[in-house]
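For reference, the structure is listed below as structure tokens.
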Amino acid sequence: NAGVTQTPKFQVLKTGQSMTLQCAQDMNHEYMSWYRQDPGMGLRLIHYSVGAGITDQGEVPNGYNVSRSTTEDFPLRLLSAAPSQTSVYFCASSRIWARSSYGYTFGSGTRLTVV
Amino acid sequence: GESVGLHLPTLSVQEGDNSIINCAYSNSASDYFIWYKQESGKGPQFIIDIRSNMDKRQGQRVTVLLNKTVKHLSLQIAATQPGDSAVYFCAVSGGSNYKLTFGKGTLLTVNP
């Protein structure tokens, strides 16, 4: 049981480049989300999804796109990378029951540097 | 919306002592509370959770206390060990959405 798998673990981009951060889970979790973690800022929600075909914006969505075509996968796309997007990105998933989360399972993170 | 704050960004304890990490939340409708541990270079890991119909829940060496009157949450770690050194986050959920709101984290350092 792999849990939540994120790829790549590290990435360096030039300003203006685009890329996709991959996230896959094998726990049949309905809920998936992307967070960024910056020093002193904690975890901030970028986008989330409550099921295939359903996505919504979080706290800091600008500059990022997501889609959810399957239950397992939830890729995060950076459209035109900026230095302000230098961060550690975490994907998290969970079951949904009675409109509450049961606690997330996190991936190991992608450390992104934009130069 | 929900906001989650911590009383101390860092905490240093001696090995064997008990540690207490605090968290405050703003939304009285919050009904689910979680503590996570994040070791350096890793993703957050679930430690323990509690629902709003409880005041206290115990795990292995950890206890979570919930005071809904003052909207305060704490994590107690008994007999703290060097392996407990990490950043600890509280997270809060509730109302009509699934999203967790995270606090900024407390860095716990255990001195041998």
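Residue numbering restarts at 1 for every chain of the structure tokens, chains are lettered A, B, ... in their displayed order, and ligands are numbered from 1 as they appear.
Residues surrounding Thr71 of chain A within 10 Å are A:Ala24, A:Gln25, A:Asp26, A:Met27, A:Asn28, A:His29, A:Glu30, A:Tyr31, A:Met32, A:Ser49, A:Val50, A:Gly51, A:Ala52, A:Gly53 [only C-alpha atoms; sequence separation below 6 positions excluded].
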May I have the selected residues written with N, CA and C atoms, as an mmCIF file, in the first residue's frame?
```cif
data_model
loop_
_atom_site.group_PDB
_atom_site.id
_atom_site.type_symbol
_atom_site.label_atom_id
_atom_site.label_comp_id
_atom_site.auth_asym_id
_atom_site.auth_seq_id
_atom_site.Cartn_x
_atom_site.Cartn_y
_atom_site.Cartn_z
ATOM 1 N N ALA A 24 -0.552 10.849 -6.738
ATOM 2 C CA ALA A 24 -1.385 9.664 -6.898
ATOM 3 C C ALA A 24 -1.583 8.994 -5.545
ATOM 4 N N GLN A 25 -2.810 8.518 -5.314
ATOM 5 C CA GLN A 25 -3.084 7.772 -4.080
ATOM 6 C C GLN A 25 -3.806 6.472 -4.429
ATOM 7 N N ASP A 26 -3.539 5.451 -3.637
ATOM 8 C CA ASP A 26 -4.108 4.132 -3.902
ATOM 9 C C ASP A 26 -5.035 3.678 -2.781
ATOM 10 N N MET A 27 -5.612 4.642 -2.066
ATOM 11 C CA MET A 27 -6.460 4.317 -0.921
ATOM 12 C C MET A 27 -7.940 4.557 -1.225
ATOM 13 N N ASN A 28 -8.234 4.882 -2.467
ATOM 14 C CA ASN A 28 -9.611 5.156 -2.884
ATOM 15 C C ASN A 28 -10.227 6.324 -2.091
ATOM 16 N N HIS A 29 -9.366 7.297 -1.775
ATOM 17 C CA HIS A 29 -9.842 8.481 -1.057
ATOM 18 C C HIS A 29 -10.591 9.411 -1.994
ATOM 19 N N GLU A 30 -11.715 9.924 -1.509
ATOM 20 C CA GLU A 30 -12.489 10.852 -2.336
ATOM 21 C C GLU A 30 -11.823 12.235 -2.369
ATOM 22 N N TYR A 31 -11.297 12.647 -1.239
ATOM 23 C CA TYR A 31 -10.794 14.016 -1.090
ATOM 24 C C TYR A 31 -9.298 14.049 -1.361
ATOM 25 N N MET A 32 -8.892 14.988 -2.226
ATOM 26 C CA MET A 32 -7.468 15.236 -2.467
ATOM 27 C C MET A 32 -7.221 16.733 -2.496
ATOM 28 N N SER A 49 -10.144 18.765 -4.194
ATOM 29 C CA SER A 49 -11.138 18.040 -4.981
ATOM 30 C C SER A 49 -11.860 17.046 -4.073
ATOM 31 N N VAL A 50 -13.171 16.950 -4.246
ATOM 32 C CA VAL A 50 -13.946 16.016 -3.432
ATOM 33 C C VAL A 50 -14.358 14.786 -4.245
ATOM 34 N N GLY A 51 -13.871 14.707 -5.474
ATOM 35 C CA GLY A 51 -14.162 13.532 -6.290
ATOM 36 C C GLY A 51 -13.790 13.805 -7.731
ATOM 37 N N ALA A 52 -13.779 12.759 -8.518
ATOM 38 C CA ALA A 52 -13.434 12.896 -9.934
ATOM 39 C C ALA A 52 -14.362 13.906 -10.599
ATOM 40 N N GLY A 53 -13.750 14.839 -11.329
ATOM 41 C CA GLY A 53 -14.508 15.862 -12.040
ATOM 42 C C GLY A 53 -14.904 17.069 -11.220
#
```
**Asked** If you count only C-alpha atoms, which residues fall within 10 Å of Glu39 of chain B, apart from same-chain ones fewer than 5 positions away, as a list of chain:residue names?
**Response** B:Pro44, B:Gln45, B:Gly83, B:Asp84, B:Ser85, B:Ala86, B:Val87, B:Tyr88, B:Leu107
Print the selection's residues with C-alpha atoms to a file, as a JSON list (two decimals), in the first residue's frame.
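This went into out-v6.json:
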```json
[["chain", "number", "residue", "atom", "x", "y", "z"],
["B", 44, "PRO", "CA", 3.20, 15.74, 8.03],
["B", 45, "GLN", "CA", 2.13, 12.54, 9.80],
["B", 83, "GLY", "CA", 12.73, 11.11, 18.33],
["B", 84, "ASP", "CA", 9.89, 13.46, 19.21],
["B", 85, "SER", "CA", 11.90, 16.41, 17.89],
["B", 86, "ALA", "CA", 9.85, 17.79, 15.00],
["B", 87, "VAL", "CA", 7.39, 20.49, 14.02],
["B", 88, "TYR", "CA", 3.89, 19.90, 15.39],
["B", 107, "LEU", "CA", 9.17, 23.35, 16.58]]
```
**Request:** For chain B, list the residues within 10 Å of chain A, counting only C-alpha atoms, and write the list as a ChimeraX atom specification.
**Result:** /B:9,31-36,41-49,89,91-106
For the selection you just gave me, I'd like the residues written to a file as a short mmCIF file (atom, residue, chain, number, x, y, z; two decimals), in the first residue's frame, keeping N, CA, C and O atoms.
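Generated file (selection.cif):
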```cif
data_model
loop_
_atom_site.label_atom_id
_atom_site.label_comp_id
_atom_site.auth_asym_id
_atom_site.auth_seq_id
_atom_site.Cartn_x
_atom_site.Cartn_y
_atom_site.Cartn_z
N PRO B 9 6.02 29.43 18.86
CA PRO B 9 6.58 28.84 17.63
C PRO B 9 7.67 27.82 17.92
O PRO B 9 7.95 26.97 17.07
N ASP B 31 -15.53 21.16 14.37
CA ASP B 31 -15.93 19.94 15.06
C ASP B 31 -14.92 18.81 14.98
O ASP B 31 -15.18 17.72 15.48
N TYR B 32 -13.78 19.04 14.35
CA TYR B 32 -12.81 17.97 14.21
C TYR B 32 -11.43 18.58 14.29
O TYR B 32 -11.14 19.56 13.60
N PHE B 33 -10.57 17.99 15.10
CA PHE B 33 -9.27 18.57 15.41
C PHE B 33 -8.21 17.49 15.32
O PHE B 33 -8.41 16.38 15.82
N ILE B 34 -7.09 17.85 14.72
CA ILE B 34 -6.05 16.86 14.47
C ILE B 34 -4.70 17.45 14.83
O ILE B 34 -4.47 18.65 14.63
N TRP B 35 -3.81 16.62 15.31
CA TRP B 35 -2.41 16.99 15.50
C TRP B 35 -1.55 16.17 14.54
O TRP B 35 -1.72 14.96 14.39
N TYR B 36 -0.62 16.91 13.88
CA TYR B 36 0.33 16.29 12.96
C TYR B 36 1.75 16.54 13.45
O TYR B 36 2.04 17.57 14.05
N GLY B 41 12.28 17.39 6.29
CA GLY B 41 12.34 16.79 4.97
C GLY B 41 11.23 15.81 4.65
O GLY B 41 11.25 15.15 3.61
N LYS B 42 10.24 15.70 5.55
CA LYS B 42 9.15 14.75 5.34
C LYS B 42 7.80 15.45 5.35
O LYS B 42 7.69 16.61 5.74
N GLY B 43 6.77 14.74 4.91
CA GLY B 43 5.43 15.26 4.98
C GLY B 43 4.85 15.09 6.38
O GLY B 43 5.33 14.28 7.17
N PRO B 44 3.84 15.88 6.71
CA PRO B 44 3.20 15.74 8.03
C PRO B 44 2.61 14.35 8.22
O PRO B 44 2.08 13.75 7.28
N GLN B 45 2.71 13.86 9.46
CA GLN B 45 2.13 12.54 9.80
C GLN B 45 1.09 12.71 10.89
O GLN B 45 1.31 13.43 11.87
N PHE B 46 -0.02 12.02 10.71
CA PHE B 46 -1.11 12.04 11.68
C PHE B 46 -0.63 11.49 13.02
O PHE B 46 0.04 10.47 13.09
N ILE B 47 -0.96 12.22 14.11
CA ILE B 47 -0.63 11.73 15.45
C ILE B 47 -1.90 11.27 16.16
O ILE B 47 -2.01 10.13 16.59
N ILE B 48 -2.84 12.20 16.30
CA ILE B 48 -4.05 11.91 17.06
C ILE B 48 -5.11 12.92 16.68
O ILE B 48 -4.79 14.03 16.26
N ASP B 49 -6.36 12.53 16.81
CA ASP B 49 -7.45 13.44 16.50
C ASP B 49 -8.49 13.40 17.61
O ASP B 49 -8.47 12.54 18.49
N PHE B 89 1.89 20.45 14.16
CA PHE B 89 0.82 21.30 13.66
C PHE B 89 -0.51 20.85 14.24
O PHE B 89 -0.78 19.65 14.31
N ALA B 91 -4.60 21.11 13.31
CA ALA B 91 -5.45 21.36 12.16
C ALA B 91 -6.90 21.26 12.61
O ALA B 91 -7.24 20.45 13.48
N VAL B 92 -7.73 22.07 12.00
CA VAL B 92 -9.12 22.20 12.44
C VAL B 92 -10.04 22.09 11.23
O VAL B 92 -9.74 22.63 10.16
N SER B 93 -11.15 21.40 11.41
CA SER B 93 -12.12 21.25 10.33
C SER B 93 -13.52 21.39 10.91
O SER B 93 -13.73 21.18 12.09
N GLY B 94 -14.45 21.72 10.05
CA GLY B 94 -15.82 21.79 10.54
C GLY B 94 -16.69 22.64 9.65
O GLY B 94 -16.29 23.06 8.57
N GLY B 95 -17.87 22.91 10.08
CA GLY B 95 -18.79 23.68 9.29
C GLY B 95 -19.24 22.90 8.08
O GLY B 95 -19.51 21.71 8.16
N SER B 96 -19.31 23.54 6.94
CA SER B 96 -19.87 22.93 5.75
C SER B 96 -18.83 22.54 4.71
O SER B 96 -19.16 22.30 3.59
N ASN B 97 -17.57 22.51 5.09
CA ASN B 97 -16.56 22.17 4.10
C ASN B 97 -15.65 21.06 4.63
O ASN B 97 -15.70 20.69 5.79
N TYR B 98 -14.83 20.53 3.73
CA TYR B 98 -13.94 19.42 4.08
C TYR B 98 -12.54 19.89 4.39
O TYR B 98 -11.71 19.12 4.79
N LYS B 99 -12.28 21.14 4.19
CA LYS B 99 -10.90 21.60 4.25
C LYS B 99 -10.41 21.69 5.68
O LYS B 99 -11.12 22.08 6.58
N LEU B 100 -9.16 21.32 5.87
CA LEU B 100 -8.49 21.53 7.14
C LEU B 100 -7.76 22.86 7.11
O LEU B 100 -7.13 23.19 6.12
N THR B 101 -7.85 23.60 8.19
CA THR B 101 -7.05 24.80 8.37
C THR B 101 -5.95 24.48 9.35
O THR B 101 -6.21 23.98 10.45
N PHE B 102 -4.71 24.76 8.95
CA PHE B 102 -3.55 24.39 9.76
C PHE B 102 -3.01 25.59 10.51
O PHE B 102 -3.00 26.72 10.01
N GLY B 103 -2.52 25.35 11.71
CA GLY B 103 -1.73 26.33 12.40
C GLY B 103 -0.33 26.39 11.79
O GLY B 103 0.02 25.57 10.93
N LYS B 104 0.47 27.35 12.24
CA LYS B 104 1.80 27.55 11.64
C LYS B 104 2.84 26.58 12.18
O LYS B 104 3.93 26.50 11.63
N GLY B 105 2.56 25.89 13.22
CA GLY B 105 3.47 24.86 13.71
C GLY B 105 4.32 25.31 14.88
O GLY B 105 4.69 26.48 15.00
N THR B 106 4.65 24.37 15.76
CA THR B 106 5.59 24.57 16.87
C THR B 106 6.75 23.63 16.69
O THR B 106 6.55 22.42 16.51
#
```
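With only C-alpha atoms as the basis for measurement, B:Val4 is the residue among B:Met54, B:Val4, B:Leu11, B:Ile21 that approaches Lys71 of chain B most closely.
The space between atom CA of Gln58 of chain B and atom CA of Ser40 of chain B spans 25.4 Å.
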